[in-house]
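Q: So that you have it, the file is model_38.cif, and it contains mmCIF, C-alpha atoms:
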```cif
data_query
loop_
_atom_site.label_atom_id
_atom_site.label_comp_id
_atom_site.auth_asym_id
_atom_site.auth_seq_id
_atom_site.Cartn_x
_atom_site.Cartn_y
_atom_site.Cartn_z
CA MET A 1 -3.72 2.08 -20.74
CA ALA A 2 -0.17 3.05 -21.53
CA ARG A 3 1.37 5.83 -19.47
CA LYS A 4 2.83 7.97 -22.23
CA THR A 5 2.30 11.43 -20.77
CA VAL A 6 2.47 13.05 -17.35
CA GLU A 7 -1.33 13.31 -17.45
CA ASP A 8 -1.58 9.55 -18.10
CA LEU A 9 0.75 8.93 -15.17
CA PHE A 10 -1.25 11.35 -13.00
CA VAL A 11 -4.51 9.49 -13.75
CA HIS A 12 -2.81 6.15 -13.02
CA GLU A 13 -1.34 7.35 -9.70
CA LEU A 14 -4.61 9.00 -8.68
CA SER A 15 -6.52 5.80 -9.50
CA ASP A 16 -3.98 3.82 -7.47
CA VAL A 17 -4.26 6.03 -4.39
CA TYR A 18 -8.07 6.02 -4.70
CA SER A 19 -7.96 2.23 -4.49
CA ALA A 20 -5.53 2.46 -1.57
CA GLU A 21 -7.87 4.75 0.36
CA LYS A 22 -10.83 2.44 -0.27
CA GLN A 23 -8.81 -0.51 1.07
CA ILE A 24 -7.81 1.44 4.16
CA THR A 25 -11.46 2.13 5.01
CA LYS A 26 -11.88 -1.62 5.43
CA ALA A 27 -8.67 -2.15 7.45
CA LEU A 28 -8.90 0.73 9.94
CA PRO A 29 -12.00 -0.54 11.79
CA ARG A 30 -10.27 -3.92 12.36
CA MET A 31 -7.17 -2.16 13.64
CA ALA A 32 -9.19 0.11 15.96
CA LYS A 33 -11.02 -2.87 17.38
CA ALA A 34 -7.76 -4.76 18.01
CA ALA A 35 -5.96 -1.84 19.69
CA THR A 36 -5.89 -1.88 23.49
CA ASN A 37 -4.36 1.59 23.84
CA PRO A 38 -7.35 3.96 23.78
CA LEU A 39 -5.29 6.70 22.10
CA LEU A 40 -4.34 4.31 19.32
CA ALA A 41 -7.91 3.09 18.86
CA GLU A 42 -9.05 6.72 18.66
CA ALA A 43 -6.30 7.54 16.16
CA PHE A 44 -7.50 4.73 13.90
CA THR A 45 -11.14 5.78 14.27
CA SER A 46 -10.46 9.46 13.58
CA HIS A 47 -8.23 8.59 10.61
CA LEU A 48 -11.07 6.47 9.20
CA GLU A 49 -13.26 9.58 9.18
CA GLU A 50 -10.43 11.56 7.57
CA THR A 51 -10.01 8.83 4.95
CA HIS A 52 -13.67 9.11 3.96
CA GLY A 53 -13.06 12.84 3.47
CA GLN A 54 -9.96 12.09 1.40
CA ILE A 55 -11.98 9.82 -0.88
CA GLU A 56 -14.56 12.60 -1.25
CA ARG A 57 -11.74 15.00 -2.11
CA ILE A 58 -10.57 12.69 -4.92
CA ASP A 59 -14.17 12.50 -6.17
CA GLN A 60 -14.28 16.31 -6.11
CA LEU A 61 -10.97 16.49 -8.02
CA VAL A 62 -12.34 14.14 -10.68
CA GLN A 63 -15.45 16.31 -11.07
CA LEU A 64 -13.38 19.50 -11.30
CA THR A 65 -10.93 18.16 -13.88
CA GLY A 66 -13.14 15.83 -15.90
CA LEU A 67 -10.53 13.08 -15.52
CA LYS A 68 -11.72 9.48 -15.50
CA LEU A 69 -10.20 7.17 -12.90
CA LYS A 70 -9.19 3.66 -13.90
CA ARG A 71 -10.67 0.66 -12.15
CA MET A 72 -7.65 -0.91 -10.52
CA LYS A 73 -6.43 -2.36 -7.26
CA CYS A 74 -3.47 -0.83 -5.46
CA VAL A 75 -1.29 -3.90 -4.96
CA ALA A 76 1.07 -2.05 -2.63
CA MET A 77 -1.78 -1.24 -0.24
CA GLU A 78 -3.15 -4.74 -0.64
CA GLY A 79 0.20 -6.02 0.66
CA LEU A 80 0.28 -3.58 3.57
CA VAL A 81 -3.28 -4.48 4.55
CA GLU A 82 -2.41 -8.17 4.35
CA GLU A 83 0.56 -7.56 6.66
CA SER A 84 -1.74 -5.96 9.22
CA LYS A 85 -4.12 -8.93 9.00
CA GLU A 86 -1.20 -11.27 9.71
CA LEU A 87 -0.29 -9.22 12.79
CA LEU A 88 -3.84 -9.56 14.08
CA GLU A 89 -3.68 -13.32 13.61
CA GLU A 90 -0.18 -13.86 15.02
CA ILE A 91 0.06 -11.51 18.01
CA ASP A 92 -2.12 -11.65 21.11
CA LYS A 93 -4.14 -8.55 21.90
CA GLY A 94 -2.13 -6.19 24.09
CA ALA A 95 0.75 -3.77 24.05
CA VAL A 96 2.89 -5.81 21.65
CA LEU A 97 0.09 -5.90 19.09
CA ASP A 98 -0.46 -2.17 19.62
CA ALA A 99 3.22 -1.53 18.85
CA ALA A 100 2.98 -3.72 15.74
CA LEU A 101 -0.18 -1.92 14.61
CA ILE A 102 1.53 1.44 14.99
CA GLY A 103 4.32 0.21 12.73
CA ALA A 104 1.89 -1.20 10.19
CA ALA A 105 -0.14 2.01 10.16
CA GLN A 106 2.99 4.12 9.70
CA LYS A 107 3.99 2.00 6.70
CA VAL A 108 0.60 2.85 5.22
CA GLU A 109 1.00 6.55 6.03
CA HIS A 110 4.46 6.67 4.47
CA TYR A 111 3.14 5.05 1.30
CA GLU A 112 0.31 7.57 1.17
CA ILE A 113 2.65 10.50 1.89
CA ALA A 114 4.85 9.42 -1.02
CA SER A 115 1.82 8.99 -3.29
CA TYR A 116 0.20 12.32 -2.46
CA GLY A 117 3.53 14.17 -2.60
CA THR A 118 4.04 12.84 -6.12
CA LEU A 119 0.49 13.72 -7.13
CA VAL A 120 0.80 17.29 -5.83
CA ALA A 121 3.98 17.77 -7.87
CA MET A 122 2.35 16.32 -11.00
CA ALA A 123 -0.78 18.45 -10.57
CA LYS A 124 1.37 21.56 -10.31
CA HIS A 125 3.32 20.53 -13.41
CA LEU A 126 0.03 20.03 -15.26
CA LYS A 127 -1.17 23.48 -14.09
CA MET A 128 -4.05 21.84 -12.22
CA ASP A 129 -3.98 24.26 -9.30
CA ASP A 130 -7.32 23.24 -7.79
CA ALA A 131 -6.32 19.58 -7.92
CA ALA A 132 -2.94 20.39 -6.37
CA ALA A 133 -4.68 22.21 -3.50
CA LEU A 134 -7.04 19.29 -2.83
CA LEU A 135 -4.18 16.80 -2.92
CA ALA A 136 -2.01 19.00 -0.69
CA ALA A 137 -4.79 19.06 1.92
CA THR A 138 -4.80 15.27 1.96
CA LEU A 139 -1.00 15.17 2.08
CA ALA A 140 -1.10 17.36 5.19
CA GLU A 141 -3.63 15.04 6.84
CA GLU A 142 -1.48 11.99 6.08
CA LYS A 143 1.56 13.67 7.59
CA GLY A 144 -0.52 14.58 10.64
CA ALA A 145 -1.69 10.99 11.06
CA ASP A 146 1.91 9.78 10.88
CA GLU A 147 2.97 12.33 13.52
CA LYS A 148 0.10 11.27 15.78
CA LEU A 149 1.17 7.61 15.52
CA SER A 150 4.77 8.55 16.35
CA LYS A 151 3.61 10.44 19.44
CA ILE A 152 1.52 7.50 20.61
CA ALA A 153 4.52 5.20 20.21
CA GLU A 154 6.84 7.65 22.00
CA GLN A 155 4.38 8.34 24.82
CA GLY A 156 4.25 4.78 25.95
CA GLY A 157 2.83 2.58 23.22
CA ASN A 158 6.14 0.89 22.51
CA GLN A 159 7.36 1.05 26.12
CA ALA A 160 4.28 -0.85 27.26
CA ALA A 161 5.15 -3.57 24.78
CA THR A 162 8.64 -3.86 26.32
CA LEU A 163 7.12 -4.34 29.78
CA GLU A 164 4.72 -7.03 28.58
CA LYS A 165 7.37 -9.76 28.27
#
```
Show the structure stored in the file as structure tokens.
A:
Amino acid sequence: MARKTVEDLFVHELSDVYSAEKQITKALPRMAKAATNPLLAEAFTSHLEETHGQIERIDQLVQLTGLKLKRMKCVAMEGLVEESKELLEEIDKGAVLDAALIGAAQKVEHYEIASYGTLVAMAKHLKMDDAAALLAATLAEEKGADEKLSKIAEQGGNQAATLEK
């Protein structure tokens, strides 16, 4: 479908982030299992639960607006998930892998923050106030997840990796 209007673009971007969230639900359990830092493992597990809620929020938005999502695969998220799989294969379990997983997860969060920020702006432009509110709630959660990952890295996650040489 051609993206000729802001509404077309909104549906495309919403479909893309919906696919991204679905992909993340498959990656987060692997990342939690591989993490040795209990705070990191818990961050991945709690974000998985949040992600399920974010998917439900998109479903709710679709019901409210009557929009129809496109069946598509978010290739950007596919690449980020593939990168995390490579880390799991290439780095031994321990502090170095934890540091790498934090970086990989923050790449995902930054992609999602950009996506949801764009969607909130488009929803406001389209006068879809309820959709904007739902998307803003998810945007806040994504920012919170990113902050949590930064704190874990700063509170010793990355320092432990330095000591593991």
Q: Care to translate the PyMOL selection byres ((chain A and resi 29) around 10) into actual residues of this file, as a count of residues only?
A: 15
Q: Rounded to one decimal in Å, what is the spacing between CA of Thr36 in chain A and CA of Val108 in chain A?
A: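 So the answer is 20.0 Å.
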Q: Which one of A:His12, A:Lys93, A:His110, A:Lys127 sits closest to Leu149 in chain A if you count all atoms listed in the file?
A: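 Counting all atoms listed in the file, the residue closest to Leu149 in chain A is A:His110.
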Q: What does the structure give for the distance between CA of His125 in chain A and CA of Gln23 in chain A, in Å to one decimal?
A: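 Distance reported for this atom pair: 28.3 Å.
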Q: Would you kindly return, as a VMD selection string, each protein, DNA or RNA residue with an atom no farther than 9 Å from any atom of Leu126 in chain A, considering all atoms listed in the file and excluding same-chain residues fewer than 3 positions away?
A: chain A and resid 6 to 7 121 to 123 129
Q: Could you check the closest approach to Ala35 in chain A for each of A:Phe10, A:Leu69, A:Leu101, A:Gln155 and tell me which residue wins, using only C-alpha atoms?
A: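 Using only C-alpha atoms, the shortest distance to Ala35 in chain A belongs to A:Leu101.
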Q: Restricting the calculation to only C-alpha atoms, which member of A:Leu139, A:Ile113, A:Leu119, A:Ala133 is positioned closest to Leu9 in chain A?
A: A:Leu119
Q: Quote the spacing between CA of Glu42 in chain A and CA of Asp98 in chain A in Å to one decimal place.
A: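 So the answer is 12.4 Å.
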Q: Nearest to Gln54 in chain A: which of A:Thr118, A:Ser19, A:Ser150, A:Asn37 is it, counting only C-alpha atoms?
A: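 Nearest candidate to Gln54 in chain A out of A:Thr118, A:Ser19, A:Ser150, A:Asn37: A:Ser19.
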Q: Rank A:Ala20, A:Ile55, A:Ala99, A:Val11 by their smallest atom-to-atom distance to Leu80 in chain A, using all atoms listed in the file, and report the top residue only.
A: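 When distances to Leu80 in chain A are compared using all atoms listed in the file, the smallest one comes from A:Ala20.
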Q: Residue by residue, what does the PyMOL selection byres ((chain A and resi 109) around 10) grab here? Present the result as a list in words.
A: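 In the shown coordinates, the PyMOL selection byres ((chain A and resi 109) around 10) covers Gly103, Ala104, Ala105, Gln106, Lys107, Val108, His110, Tyr111, Glu112, Ile113, Ala114, Ser115, Leu139, Glu141, Glu142, Lys143, Gly144, Ala145, Asp146, Glu147 and Leu149 of chain A.
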Q: I'd like the neighbourhood of Val62 in chain A as JSON, numbers by chain, where a residue qualifies if any of its atoms comes within 12 Å (using all atoms listed in the file), though same-chain residues fewer than 3 positions away should be ignored.
A: {"A": [10, 11, 14, 15, 18, 55, 56, 57, 58, 59, 65, 66, 67, 68, 69, 70, 128, 130, 131, 134, 135]}
Q: For those residues, write C-alpha atoms to a file as a short mmCIF file (atom, residue, chain, number, x, y, z; two decimals), in the frame of the given file.
A:
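Listing of again_39.cif after writing:
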```cif
data_model
loop_
_atom_site.label_atom_id
_atom_site.label_comp_id
_atom_site.auth_asym_id
_atom_site.auth_seq_id
_atom_site.Cartn_x
_atom_site.Cartn_y
_atom_site.Cartn_z
CA PHE A 10 -1.25 11.35 -13.00
CA VAL A 11 -4.51 9.49 -13.75
CA LEU A 14 -4.61 9.00 -8.68
CA SER A 15 -6.52 5.80 -9.50
CA TYR A 18 -8.07 6.02 -4.70
CA ILE A 55 -11.98 9.82 -0.88
CA GLU A 56 -14.56 12.60 -1.25
CA ARG A 57 -11.74 15.00 -2.11
CA ILE A 58 -10.57 12.69 -4.92
CA ASP A 59 -14.17 12.50 -6.17
CA THR A 65 -10.93 18.16 -13.88
CA GLY A 66 -13.14 15.83 -15.90
CA LEU A 67 -10.53 13.08 -15.52
CA LYS A 68 -11.72 9.48 -15.50
CA LEU A 69 -10.20 7.17 -12.90
CA LYS A 70 -9.19 3.66 -13.90
CA MET A 128 -4.05 21.84 -12.22
CA ASP A 130 -7.32 23.24 -7.79
CA ALA A 131 -6.32 19.58 -7.92
CA LEU A 134 -7.04 19.29 -2.83
CA LEU A 135 -4.18 16.80 -2.92
#
```
